[in-house]
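Colleague: My structure file query_18.pdb, PDB, C-alpha atoms, is below:
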```pdb
ATOM      1  CA  MET A 457     115.193  73.297  76.590  1.00  0.00           C
ATOM      2  CA  GLU A 458     112.404  75.405  75.110  1.00  0.00           C
ATOM      3  CA  ARG A 459     113.288  78.535  73.139  1.00  0.00           C
ATOM      4  CA  THR A 460     113.614  81.288  75.694  1.00  0.00           C
ATOM      5  CA  GLY A 461     113.572  85.063  75.651  1.00  0.00           C
ATOM      6  CA  ILE A 462     115.039  86.940  78.602  1.00  0.00           C
ATOM      7  CA  ILE A 463     113.932  90.412  79.648  1.00  0.00           C
ATOM      8  CA  ILE A 464     116.313  92.092  82.085  1.00  0.00           C
ATOM      9  CA  VAL A 465     114.650  95.066  83.735  1.00  0.00           C
ATOM     10  CA  ALA A 466     117.216  97.720  84.631  1.00  0.00           C
ATOM     11  CA  GLY A 467     115.094 100.834  84.730  1.00  0.00           C
ATOM     12  CA  GLY A 468     115.753 102.007  88.275  1.00  0.00           C
ATOM     13  CA  SER A 469     117.352 105.303  89.213  1.00  0.00           C
ATOM     14  CA  GLY A 470     119.370 103.730  92.029  1.00  0.00           C
ATOM     15  CA  THR A 471     118.879 106.687  94.368  1.00  0.00           C
ATOM     16  CA  ARG A 472     119.082 104.566  97.523  1.00  0.00           C
ATOM     17  CA  CYS A 473     122.674 103.659  96.691  1.00  0.00           C
ATOM     18  CA  GLY A 474     123.746 107.248  96.141  1.00  0.00           C
ATOM     19  CA  GLY A 475     126.547 108.079  93.719  1.00  0.00           C
ATOM     20  CA  ALA A 476     126.505 109.595  90.255  1.00  0.00           C
ATOM     21  CA  LEU A 477     125.293 106.489  88.416  1.00  0.00           C
ATOM     22  CA  PRO A 478     122.295 104.191  88.916  1.00  0.00           C
ATOM     23  CA  LYS A 479     123.344 101.033  90.741  1.00  0.00           C
ATOM     24  CA  GLN A 480     122.967  98.774  87.685  1.00  0.00           C
ATOM     25  CA  PHE A 481     125.996 100.503  86.116  1.00  0.00           C
ATOM     26  CA  VAL A 482     128.250 100.537  89.187  1.00  0.00           C
ATOM     27  CA  LEU A 483     131.280  98.233  89.064  1.00  0.00           C
ATOM     28  CA  LEU A 484     131.088  95.075  91.157  1.00  0.00           C
ATOM     29  CA  GLU A 485     134.491  93.406  91.377  1.00  0.00           C
ATOM     30  CA  GLY A 486     135.575  95.076  88.137  1.00  0.00           C
ATOM     31  CA  LEU A 487     132.419  94.477  86.081  1.00  0.00           C
ATOM     32  CA  PRO A 488     129.181  96.496  85.973  1.00  0.00           C
ATOM     33  CA  VAL A 489     126.354  94.936  87.961  1.00  0.00           C
ATOM     34  CA  LEU A 490     124.198  94.813  84.839  1.00  0.00           C
ATOM     35  CA  ALA A 491     126.945  93.094  82.836  1.00  0.00           C
ATOM     36  CA  ARG A 492     127.201  90.362  85.473  1.00  0.00           C
ATOM     37  CA  THR A 493     123.435  89.873  85.318  1.00  0.00           C
ATOM     38  CA  ILE A 494     123.446  89.629  81.532  1.00  0.00           C
ATOM     39  CA  ASN A 495     126.370  87.206  81.509  1.00  0.00           C
ATOM     40  CA  VAL A 496     124.921  84.735  84.001  1.00  0.00           C
ATOM     41  CA  CYS A 497     121.626  84.669  82.081  1.00  0.00           C
ATOM     42  CA  ALA A 498     123.488  83.978  78.836  1.00  0.00           C
ATOM     43  CA  GLU A 499     125.518  81.228  80.489  1.00  0.00           C
ATOM     44  CA  ALA A 500     122.466  79.566  82.031  1.00  0.00           C
ATOM     45  CA  LEU A 501     120.304  79.675  78.881  1.00  0.00           C
ATOM     46  CA  PRO A 502     122.633  79.548  75.855  1.00  0.00           C
ATOM     47  CA  GLY A 503     121.099  80.933  72.686  1.00  0.00           C
ATOM     48  CA  ALA A 504     118.363  82.832  74.493  1.00  0.00           C
ATOM     49  CA  GLU A 505     117.546  86.295  73.178  1.00  0.00           C
ATOM     50  CA  ILE A 506     118.301  88.916  75.823  1.00  0.00           C
ATOM     51  CA  VAL A 507     116.521  92.278  75.943  1.00  0.00           C
ATOM     52  CA  VAL A 508     117.761  94.810  78.491  1.00  0.00           C
ATOM     53  CA  VAL A 509     115.193  97.467  79.392  1.00  0.00           C
ATOM     54  CA  LEU A 510     116.804 100.736  80.465  1.00  0.00           C
ATOM     55  CA  PRO A 511     115.716 104.290  81.262  1.00  0.00           C
ATOM     56  CA  GLU A 512     115.599 106.008  77.890  1.00  0.00           C
ATOM     57  CA  ARG A 513     118.226 108.581  78.908  1.00  0.00           C
ATOM     58  CA  TYR A 514     120.717 105.780  79.627  1.00  0.00           C
ATOM     59  CA  THR A 515     120.391 103.605  76.507  1.00  0.00           C
ATOM     60  CA  ALA A 516     123.178 105.376  74.610  1.00  0.00           C
ATOM     61  CA  PHE A 517     125.324 105.524  77.735  1.00  0.00           C
ATOM     62  CA  TRP A 518     125.021 101.779  78.272  1.00  0.00           C
ATOM     63  CA  SER A 519     125.899 101.010  74.658  1.00  0.00           C
ATOM     64  CA  ASP A 520     129.165 102.934  75.029  1.00  0.00           C
ATOM     65  CA  PHE A 521     129.895 101.740  78.560  1.00  0.00           C
ATOM     66  CA  ALA A 522     129.213  98.049  77.870  1.00  0.00           C
ATOM     67  CA  ALA A 523     131.657  98.103  74.939  1.00  0.00           C
ATOM     68  CA  ARG A 524     134.496  98.433  77.462  1.00  0.00           C
ATOM     69  CA  PHE A 525     133.697  95.074  79.053  1.00  0.00           C
ATOM     70  CA  ASP A 526     133.116  91.450  78.122  1.00  0.00           C
ATOM     71  CA  VAL A 527     129.322  91.410  78.008  1.00  0.00           C
ATOM     72  CA  ALA A 528     127.172  88.716  76.385  1.00  0.00           C
ATOM     73  CA  LYS A 529     125.140  89.574  73.285  1.00  0.00           C
ATOM     74  CA  HIS A 530     121.975  91.562  73.991  1.00  0.00           C
ATOM     75  CA  HIS A 531     119.919  94.471  72.702  1.00  0.00           C
ATOM     76  CA  THR A 532     118.119  97.229  74.546  1.00  0.00           C
ATOM     77  CA  ALA A 533     114.698  98.815  74.844  1.00  0.00           C
ATOM     78  CA  ALA A 534     113.577 102.010  76.561  1.00  0.00           C
ATOM     79  CA  GLY A 535     111.583 101.513  79.745  1.00  0.00           C
ATOM     80  CA  GLY A 536     108.397 103.181  80.936  1.00  0.00           C
ATOM     81  CA  ALA A 537     107.093 104.997  83.982  1.00  0.00           C
ATOM     82  CA  GLU A 538     106.379 101.824  85.979  1.00  0.00           C
ATOM     83  CA  ARG A 539     108.110  98.456  86.060  1.00  0.00           C
ATOM     84  CA  PHE A 540     104.940  97.064  84.484  1.00  0.00           C
ATOM     85  CA  ASP A 541     105.423  99.372  81.486  1.00  0.00           C
ATOM     86  CA  SER A 542     109.095  98.419  81.183  1.00  0.00           C
ATOM     87  CA  VAL A 543     108.338  94.687  81.123  1.00  0.00           C
ATOM     88  CA  ARG A 544     105.614  95.238  78.539  1.00  0.00           C
ATOM     89  CA  ARG A 545     108.079  97.131  76.347  1.00  0.00           C
ATOM     90  CA  GLY A 546     110.612  94.349  76.831  1.00  0.00           C
ATOM     91  CA  ILE A 547     108.086  91.793  75.626  1.00  0.00           C
ATOM     92  CA  GLU A 548     107.319  93.956  72.586  1.00  0.00           C
ATOM     93  CA  ALA A 549     111.054  94.276  71.845  1.00  0.00           C
ATOM     94  CA  LEU A 550     111.623  90.526  71.521  1.00  0.00           C
ATOM     95  CA  ARG A 551     112.680  89.784  67.952  1.00  0.00           C
ATOM     96  CA  THR A 552     112.309  86.021  68.152  1.00  0.00           C
ATOM     97  CA  ASP A 553     109.284  83.887  69.016  1.00  0.00           C
ATOM     98  CA  PRO A 554     110.237  82.219  72.324  1.00  0.00           C
ATOM     99  CA  GLU A 555     108.237  79.522  74.042  1.00  0.00           C
ATOM    100  CA  LEU A 556     109.292  80.761  77.479  1.00  0.00           C
ATOM    101  CA  ILE A 557     109.934  84.326  78.634  1.00  0.00           C
ATOM    102  CA  ALA A 558     112.075  85.038  81.688  1.00  0.00           C
ATOM    103  CA  VAL A 559     111.956  88.374  83.491  1.00  0.00           C
ATOM    104  CA  HIS A 560     114.922  89.178  85.709  1.00  0.00           C
ATOM    105  CA  ASP A 561     115.985  92.161  87.803  1.00  0.00           C
ATOM    106  CA  GLY A 562     119.059  93.872  86.390  1.00  0.00           C
ATOM    107  CA  VAL A 563     120.423  94.267  89.924  1.00  0.00           C
ATOM    108  CA  ARG A 564     120.358  90.564  90.794  1.00  0.00           C
ATOM    109  CA  PRO A 565     123.801  89.618  89.435  1.00  0.00           C
ATOM    110  CA  LEU A 566     124.338  86.677  91.811  1.00  0.00           C
ATOM    111  CA  ALA A 567     121.577  84.377  90.592  1.00  0.00           C
ATOM    112  CA  SER A 568     123.333  81.100  89.897  1.00  0.00           C
ATOM    113  CA  VAL A 569     123.253  79.158  86.654  1.00  0.00           C
ATOM    114  CA  GLY A 570     121.601  76.308  88.550  1.00  0.00           C
ATOM    115  CA  LEU A 571     118.836  78.520  89.886  1.00  0.00           C
ATOM    116  CA  ILE A 572     118.013  79.979  86.464  1.00  0.00           C
ATOM    117  CA  ARG A 573     117.917  76.558  84.834  1.00  0.00           C
ATOM    118  CA  ARG A 574     115.797  75.151  87.671  1.00  0.00           C
ATOM    119  CA  VAL A 575     113.182  77.894  87.329  1.00  0.00           C
ATOM    120  CA  ALA A 576     113.150  77.487  83.534  1.00  0.00           C
ATOM    121  CA  ALA A 577     112.545  73.742  83.868  1.00  0.00           C
ATOM    122  CA  ASP A 578     109.709  74.354  86.342  1.00  0.00           C
ATOM    123  CA  ALA A 579     108.168  76.973  84.032  1.00  0.00           C
ATOM    124  CA  ALA A 580     108.273  74.537  81.128  1.00  0.00           C
ATOM    125  CA  ARG A 581     106.470  71.986  83.277  1.00  0.00           C
ATOM    126  CA  TYR A 582     103.974  74.176  85.141  1.00  0.00           C
ATOM    127  CA  GLY A 583     103.588  77.217  82.901  1.00  0.00           C
ATOM    128  CA  ALA A 584     104.737  79.812  85.448  1.00  0.00           C
ATOM    129  CA  ALA A 585     107.528  79.537  88.004  1.00  0.00           C
ATOM    130  CA  VAL A 586     109.188  81.973  90.396  1.00  0.00           C
ATOM    131  CA  PRO A 587     112.059  81.374  92.842  1.00  0.00           C
ATOM    132  CA  ALA A 588     111.174  81.858  96.495  1.00  0.00           C
ATOM    133  CA  ILE A 589     112.830  81.415  99.879  1.00  0.00           C
ATOM    134  CA  ALA A 590     111.393  80.937 103.352  1.00  0.00           C
ATOM    135  CA  ALA A 591     111.318  83.887 105.729  1.00  0.00           C
ATOM    136  CA  VAL A 592     113.932  83.663 108.493  1.00  0.00           C
ATOM    137  CA  ASP A 593     113.072  86.780 110.505  1.00  0.00           C
ATOM    138  CA  SER A 594     110.037  87.129 112.727  1.00  0.00           C
ATOM    139  CA  LEU A 595     107.266  88.984 110.897  1.00  0.00           C
ATOM    140  CA  ARG A 596     104.637  91.415 112.165  1.00  0.00           C
ATOM    141  CA  GLU A 597     101.580  92.680 110.308  1.00  0.00           C
ATOM    142  CA  VAL A 598     100.920  96.366 110.896  1.00  0.00           C
ATOM    143  CA  GLU A 599      97.859  98.590 110.938  1.00  0.00           C
ATOM    144  CA  THR A 600      98.188 102.214 109.819  1.00  0.00           C
ATOM    145  CA  ASP A 601      96.199 105.407 110.016  1.00  0.00           C
ATOM    146  CA  ALA A 602      95.246 107.729 107.150  1.00  0.00           C
ATOM    147  CA  GLN A 603      98.720 109.294 107.211  1.00  0.00           C
ATOM    148  CA  GLY A 604     100.427 105.909 106.956  1.00  0.00           C
ATOM    149  CA  GLU A 605     101.671 105.923 110.559  1.00  0.00           C
ATOM    150  CA  ILE A 606     101.738 102.537 112.315  1.00  0.00           C
ATOM    151  CA  THR A 607      99.040 102.333 114.966  1.00  0.00           C
ATOM    152  CA  ALA A 608      99.241  98.650 115.918  1.00  0.00           C
ATOM    153  CA  SER A 609     100.956  95.413 114.955  1.00  0.00           C
ATOM    154  CA  HIS A 610     100.696  91.698 115.585  1.00  0.00           C
ATOM    155  CA  ILE A 611     102.875  88.664 115.007  1.00  0.00           C
ATOM    156  CA  VAL A 612     102.187  86.367 112.047  1.00  0.00           C
ATOM    157  CA  ASP A 613     103.320  82.820 111.362  1.00  0.00           C
ATOM    158  CA  ARG A 614     106.407  83.206 109.173  1.00  0.00           C
ATOM    159  CA  ARG A 615     106.062  79.588 108.000  1.00  0.00           C
ATOM    160  CA  ARG A 616     103.168  80.771 105.838  1.00  0.00           C
ATOM    161  CA  PHE A 617     105.258  83.341 103.936  1.00  0.00           C
ATOM    162  CA  ARG A 618     107.910  83.283 101.219  1.00  0.00           C
ATOM    163  CA  SER A 619     110.188  85.982  99.832  1.00  0.00           C
ATOM    164  CA  VAL A 620     109.953  86.071  96.050  1.00  0.00           C
ATOM    165  CA  GLN A 621     112.945  86.575  93.739  1.00  0.00           C
ATOM    166  CA  THR A 622     113.685  86.667  90.024  1.00  0.00           C
ATOM    167  CA  PRO A 623     114.076  85.391  87.352  1.00  0.00           C
ATOM    168  CA  GLN A 624     110.370  84.711  87.024  1.00  0.00           C
ATOM    169  CA  ILE A 625     109.722  82.547  83.982  1.00  0.00           C
ATOM    170  CA  PHE A 626     106.475  81.921  82.105  1.00  0.00           C
ATOM    171  CA  ARG A 627     105.001  80.340  79.034  1.00  0.00           C
ATOM    172  CA  ALA A 628     105.216  83.126  76.467  1.00  0.00           C
ATOM    173  CA  GLU A 629     101.531  83.136  75.565  1.00  0.00           C
ATOM    174  CA  LEU A 630     100.581  83.354  79.250  1.00  0.00           C
ATOM    175  CA  LEU A 631     102.848  86.335  79.931  1.00  0.00           C
ATOM    176  CA  ARG A 632     101.837  88.163  76.749  1.00  0.00           C
ATOM    177  CA  LYS A 633      98.153  87.775  77.609  1.00  0.00           C
ATOM    178  CA  ALA A 634      98.714  88.968  81.186  1.00  0.00           C
ATOM    179  CA  TYR A 635     100.556  92.089  80.059  1.00  0.00           C
ATOM    180  CA  GLY A 636      97.715  92.960  77.726  1.00  0.00           C
ATOM    181  CA  ALA A 637      95.789  94.141  80.790  1.00  0.00           C
ATOM    182  CA  PRO A 638      95.906  97.732  82.110  1.00  0.00           C
ATOM    183  CA  TYR A 639      98.366  98.578  84.887  1.00  0.00           C
ATOM    184  CA  ARG A 640      97.211  98.201  88.496  1.00  0.00           C
ATOM    185  CA  PRO A 641      99.103  99.440  91.582  1.00  0.00           C
ATOM    186  CA  GLU A 642      99.027  95.972  93.164  1.00  0.00           C
ATOM    187  CA  PHE A 643     101.221  94.598  90.367  1.00  0.00           C
ATOM    188  CA  THR A 644     104.465  94.290  92.334  1.00  0.00           C
ATOM    189  CA  ASP A 645     106.076  91.646  90.119  1.00  0.00           C
ATOM    190  CA  ASP A 646     105.363  89.556  87.042  1.00  0.00           C
ATOM    191  CA  ALA A 647     103.795  86.738  89.033  1.00  0.00           C
ATOM    192  CA  SER A 648     101.159  89.151  90.365  1.00  0.00           C
ATOM    193  CA  VAL A 649     100.341  90.245  86.808  1.00  0.00           C
ATOM    194  CA  VAL A 650     100.003  86.645  85.599  1.00  0.00           C
ATOM    195  CA  GLU A 651      97.982  85.645  88.655  1.00  0.00           C
ATOM    196  CA  ALA A 652      95.552  88.515  88.074  1.00  0.00           C
ATOM    197  CA  ALA A 653      95.025  87.153  84.551  1.00  0.00           C
ATOM    198  CA  GLY A 654      94.032  83.755  85.955  1.00  0.00           C
ATOM    199  CA  GLY A 655      97.394  81.996  85.900  1.00  0.00           C
ATOM    200  CA  SER A 656      98.721  79.849  88.732  1.00  0.00           C
ATOM    201  CA  ILE A 657     102.270  80.191  90.046  1.00  0.00           C
ATOM    202  CA  PHE A 658     104.686  77.395  90.926  1.00  0.00           C
ATOM    203  CA  LEU A 659     107.263  78.266  93.592  1.00  0.00           C
ATOM    204  CA  SER A 660     110.747  77.058  92.665  1.00  0.00           C
ATOM    205  CA  GLU A 661     113.562  76.778  95.163  1.00  0.00           C
ATOM    206  CA  GLY A 662     115.314  80.133  95.423  1.00  0.00           C
ATOM    207  CA  GLU A 663     118.735  81.004  96.807  1.00  0.00           C
ATOM    208  CA  ARG A 664     119.599  83.355  99.666  1.00  0.00           C
ATOM    209  CA  SER A 665     122.647  84.497  97.720  1.00  0.00           C
ATOM    210  CA  ASN A 666     120.366  85.745  94.908  1.00  0.00           C
ATOM    211  CA  LEU A 667     120.709  89.227  96.315  1.00  0.00           C
ATOM    212  CA  LYS A 668     118.887  92.251  94.935  1.00  0.00           C
ATOM    213  CA  ILE A 669     121.364  95.111  95.201  1.00  0.00           C
ATOM    214  CA  THR A 670     119.531  98.037  96.742  1.00  0.00           C
ATOM    215  CA  THR A 671     121.799  99.746  99.296  1.00  0.00           C
ATOM    216  CA  PRO A 672     125.550 100.477  99.549  1.00  0.00           C
ATOM    217  CA  GLU A 673     125.859  97.651 102.080  1.00  0.00           C
ATOM    218  CA  ASP A 674     124.561  95.231  99.453  1.00  0.00           C
ATOM    219  CA  PHE A 675     127.638  95.928  97.311  1.00  0.00           C
ATOM    220  CA  ILE A 676     129.872  94.859 100.195  1.00  0.00           C
ATOM    221  CA  LEU A 677     127.920  91.635 100.670  1.00  0.00           C
ATOM    222  CA  ALA A 678     127.803  90.914  96.937  1.00  0.00           C
ATOM    223  CA  GLY A 679     131.550  91.400  96.654  1.00  0.00           C
ATOM    224  CA  ALA A 680     132.154  88.990  99.524  1.00  0.00           C
ATOM    225  CA  LEU A 681     129.868  86.393  97.942  1.00  0.00           C
ATOM    226  CA  LEU A 682     131.657  86.687  94.597  1.00  0.00           C
ATOM    227  CA  THR A 683     135.041  86.286  96.294  1.00  0.00           C
ATOM    228  CA  ALA A 684     133.818  83.212  98.149  1.00  0.00           C
ATOM    229  CA  ARG A 685     132.532  81.708  94.904  1.00  0.00           C
ATOM    230  CA  GLU A 686     135.845  82.314  93.135  1.00  0.00           C
ATOM    231  CA  GLU A 687     137.785  80.760  95.997  1.00  0.00           C
ATOM    232  CA  ALA A 688     135.523  77.704  96.005  1.00  0.00           C
ATOM    233  CA  LYS A 689     135.882  77.368  92.227  1.00  0.00           C
ATOM    234  CA  THR A 690     139.681  77.602  92.439  1.00  0.00           C
ATOM    235  CA  ALA A 691     139.818  75.023  95.230  1.00  0.00           C
ATOM    236  CA  GLU A 692     137.636  72.636  93.225  1.00  0.00           C
ATOM    237  CA  GLU A 693     139.813  73.036  90.114  1.00  0.00           C
ATOM    238  CA  GLU A 694     142.963  72.337  92.131  1.00  0.00           C
ATOM    239  CA  HIS A 695     141.346  69.297  93.700  1.00  0.00           C
ATOM    240  CA  THR A 696     140.511  67.788  90.285  1.00  0.00           C
ATOM    241  CA  ARG A 697     143.993  68.247  88.810  1.00  0.00           C
TER
END
```
Would you mind writing the file's structure down as structure tokens?

Modeller:
Amino acid sequence: MERTGIIIVAGGSGTRCGGALPKQFVLLEGLPVLARTINVCAEALPGAEIVVVLPERYTAFWSDFAARFDVAKHHTAAGGAERFDSVRRGIEALRTDPELIAVHDGVRPLASVGLIRRVAADAARYGAAVPAIAAVDSLREVETDAQGEITASHIVDRRRFRSVQTPQIFRAELLRKAYGAPYRPEFTDDASVVEAAGGSIFLSEGERSNLKITTPEDFILAGALLTAREEAKTAEEEHTR
């Protein structure tokens, strides 16, 4: 496996979840969401350098808070105003010279080891790879007026669309070049930044369980998924004894 650097972007305020702390610091089955994200990345890509990008006002808090838990080795960087700025600062904070750079959402703690390794292998082969899943709901494209109110809508063929996840993994030189460009509002993820710089994106197989925790209900679902995984693991261990 190529030398890999991992940037975990955890710069959100978490306001949609409510509570006193941003959602990346909230406990999920006894461990902070961010700690679970860090640990699965470290397990999937042993030896990879991990940079966690945080809001500047929370860097000291996280250092103290993380010391209470079993969290894989990592170091932090202060984020910027936009996600684009935070990723750029994460790239600049890398201390090693990786061949691949992965960018992962700090609030996606359920990405599996298999998924991360699959995307890394595809990135090594194709230069840029992102996990994606097919849409399962019916989709409608909307038209809006100057105030943003919906004025009309029409059905679209959902077979033509994919939902994109993280980690998104790229050849290091490709990602560094892409993030040398100025910020644009249409940059919604790292793949869009790389594509704007002329790169092509390979779609790896994603996982529906690779949940991005956004709302309070997501914590309930994530907890249930973790419990199911633990039960399956225990059953498998008992079966092999």

Colleague: Give the answer as one residue: which of A:Thr607, A:Thr493, A:Gln624, A:Ser660 has the shortest atom-to-atom distance to Ile589 (chain A), using only C-alpha atoms?

Modeller: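 Among A:Thr607, A:Thr493, A:Gln624, A:Ser660, it is A:Ser660 that comes nearest to Ile589 (chain A).
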
Colleague: Nearest residue to Arg545 (chain A) out of A:Gly654, A:Gly467, A:Gly503, A:Pro641, using only C-alpha atoms?

Modeller: A:Gly467

Colleague: I'd like to know which of A:Arg616, A:Glu605, A:Phe540, A:Ser665 is closest to Ala684 (chain A), using all atoms listed in the file.

Modeller: A:Ser665

Colleague: On this file, the PyMOL selection byres ((chain A and resi 666) around 8) gives some set of residues; write that set as a PyMOL selection string.

Modeller: chain A and resi 564-568+621+662-665+667-668

Colleague: Excluding same-chain residues fewer than 2 positions from Ala537 (chain A), what lies within 12 Å of it counting only C-alpha atoms, as a compact mmCIF listing (two decimals) with C-alpha atoms, in the coordinates of the input?

Modeller:
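To be explicit, this is the file written out as out-v1.txt:
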```txt
# COMPACT_ATOMS: atom_id res chain seq x y z
CA GLY A 467 115.09 100.83 84.73
CA GLY A 468 115.75 102.01 88.28
CA SER A 469 117.35 105.30 89.21
CA VAL A 509 115.19 97.47 79.39
CA LEU A 510 116.80 100.74 80.46
CA PRO A 511 115.72 104.29 81.26
CA GLU A 512 115.60 106.01 77.89
CA ALA A 534 113.58 102.01 76.56
CA GLY A 535 111.58 101.51 79.74
CA ARG A 539 108.11 98.46 86.06
CA PHE A 540 104.94 97.06 84.48
CA ASP A 541 105.42 99.37 81.49
CA SER A 542 109.10 98.42 81.18
CA VAL A 543 108.34 94.69 81.12
CA ARG A 544 105.61 95.24 78.54
CA ARG A 545 108.08 97.13 76.35
CA TYR A 639 98.37 98.58 84.89
```

Colleague: Have a look at CA of Ile657 (chain A) and CA of Ala588 (chain A) and let me know their distance in Å, one decimal.

Modeller: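 The value is 11.1 Å.
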
Colleague: Can you patch up region 473-494 of chain A, filling it in to N, CA and C atoms, and show the result as a PDB file, keeping the file's coordinate frame?

Modeller:
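Result file follows (selection36.pdb):
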```
ATOM      1  N   CYS A 473     121.254 103.964  96.605  1.00  0.00           N
ATOM      2  CA  CYS A 473     122.674 103.659  96.691  1.00  0.00           C
ATOM      3  C   CYS A 473     123.531 104.911  96.648  1.00  0.00           C
ATOM      4  N   GLY A 474     122.956 106.037  96.267  1.00  0.00           N
ATOM      5  CA  GLY A 474     123.746 107.248  96.141  1.00  0.00           C
ATOM      6  C   GLY A 474     124.669 107.159  94.940  1.00  0.00           C
ATOM      7  N   GLY A 475     125.594 108.107  94.821  1.00  0.00           N
ATOM      8  CA  GLY A 475     126.547 108.079  93.719  1.00  0.00           C
ATOM      9  C   GLY A 475     125.989 108.731  92.473  1.00  0.00           C
ATOM     10  N   ALA A 476     126.874 108.887  91.480  1.00  0.00           N
ATOM     11  CA  ALA A 476     126.505 109.595  90.255  1.00  0.00           C
ATOM     12  C   ALA A 476     125.734 108.720  89.283  1.00  0.00           C
ATOM     13  N   LEU A 477     125.927 107.401  89.366  1.00  0.00           N
ATOM     14  CA  LEU A 477     125.293 106.489  88.416  1.00  0.00           C
ATOM     15  C   LEU A 477     124.270 105.599  89.106  1.00  0.00           C
ATOM     16  N   PRO A 478     123.203 105.213  88.389  1.00  0.00           N
ATOM     17  CA  PRO A 478     122.295 104.191  88.916  1.00  0.00           C
ATOM     18  C   PRO A 478     123.072 102.912  89.232  1.00  0.00           C
ATOM     19  N   LYS A 479     122.592 102.177  90.215  1.00  0.00           N
ATOM     20  CA  LYS A 479     123.344 101.033  90.741  1.00  0.00           C
ATOM     21  C   LYS A 479     123.596  99.939  89.709  1.00  0.00           C
ATOM     22  N   GLN A 480     122.754  99.830  88.683  1.00  0.00           N
ATOM     23  CA  GLN A 480     122.967  98.774  87.685  1.00  0.00           C
ATOM     24  C   GLN A 480     124.250  98.985  86.878  1.00  0.00           C
ATOM     25  N   PHE A 481     124.784 100.203  86.882  1.00  0.00           N
ATOM     26  CA  PHE A 481     125.996 100.503  86.116  1.00  0.00           C
ATOM     27  C   PHE A 481     127.259 100.545  86.985  1.00  0.00           C
ATOM     28  N   VAL A 482     127.104 100.465  88.278  1.00  0.00           N
ATOM     29  CA  VAL A 482     128.250 100.537  89.187  1.00  0.00           C
ATOM     30  C   VAL A 482     129.077  99.258  89.069  1.00  0.00           C
ATOM     31  N   LEU A 483     130.400  99.390  89.173  1.00  0.00           N
ATOM     32  CA  LEU A 483     131.280  98.233  89.064  1.00  0.00           C
ATOM     33  C   LEU A 483     131.183  97.369  90.317  1.00  0.00           C
ATOM     34  N   LEU A 484     131.070  96.079  90.093  1.00  0.00           N
ATOM     35  CA  LEU A 484     131.088  95.075  91.157  1.00  0.00           C
ATOM     36  C   LEU A 484     132.230  94.112  90.856  1.00  0.00           C
ATOM     37  N   GLU A 485     133.294  94.213  91.618  1.00  0.00           N
ATOM     38  CA  GLU A 485     134.491  93.406  91.377  1.00  0.00           C
ATOM     39  C   GLU A 485     134.951  93.544  89.922  1.00  0.00           C
ATOM     40  N   GLY A 486     135.004  94.783  89.449  1.00  0.00           N
ATOM     41  CA  GLY A 486     135.575  95.076  88.137  1.00  0.00           C
ATOM     42  C   GLY A 486     134.647  94.974  86.950  1.00  0.00           C
ATOM     43  N   LEU A 487     133.378  94.635  87.181  1.00  0.00           N
ATOM     44  CA  LEU A 487     132.419  94.477  86.081  1.00  0.00           C
ATOM     45  C   LEU A 487     131.110  95.148  86.496  1.00  0.00           C
ATOM     46  N   PRO A 488     130.458  95.883  85.593  1.00  0.00           N
ATOM     47  CA  PRO A 488     129.181  96.496  85.973  1.00  0.00           C
ATOM     48  C   PRO A 488     128.177  95.453  86.454  1.00  0.00           C
ATOM     49  N   VAL A 489     127.384  95.835  87.438  1.00  0.00           N
ATOM     50  CA  VAL A 489     126.354  94.936  87.961  1.00  0.00           C
ATOM     51  C   VAL A 489     125.503  94.378  86.828  1.00  0.00           C
ATOM     52  N   LEU A 490     125.060  95.242  85.938  1.00  0.00           N
ATOM     53  CA  LEU A 490     124.198  94.813  84.839  1.00  0.00           C
ATOM     54  C   LEU A 490     124.908  93.818  83.922  1.00  0.00           C
ATOM     55  N   ALA A 491     126.188  94.030  83.677  1.00  0.00           N
ATOM     56  CA  ALA A 491     126.945  93.094  82.836  1.00  0.00           C
ATOM     57  C   ALA A 491     126.996  91.712  83.475  1.00  0.00           C
ATOM     58  N   ARG A 492     127.190  91.664  84.786  1.00  0.00           N
ATOM     59  CA  ARG A 492     127.201  90.362  85.473  1.00  0.00           C
ATOM     60  C   ARG A 492     125.850  89.667  85.347  1.00  0.00           C
ATOM     61  N   THR A 493     124.774  90.446  85.448  1.00  0.00           N
ATOM     62  CA  THR A 493     123.435  89.873  85.318  1.00  0.00           C
ATOM     63  C   THR A 493     123.211  89.320  83.920  1.00  0.00           C
ATOM     64  N   ILE A 494     123.590  90.085  82.916  1.00  0.00           N
ATOM     65  CA  ILE A 494     123.446  89.629  81.532  1.00  0.00           C
ATOM     66  C   ILE A 494     124.249  88.353  81.301  1.00  0.00           C
TER      67      ILE A 494
END
```
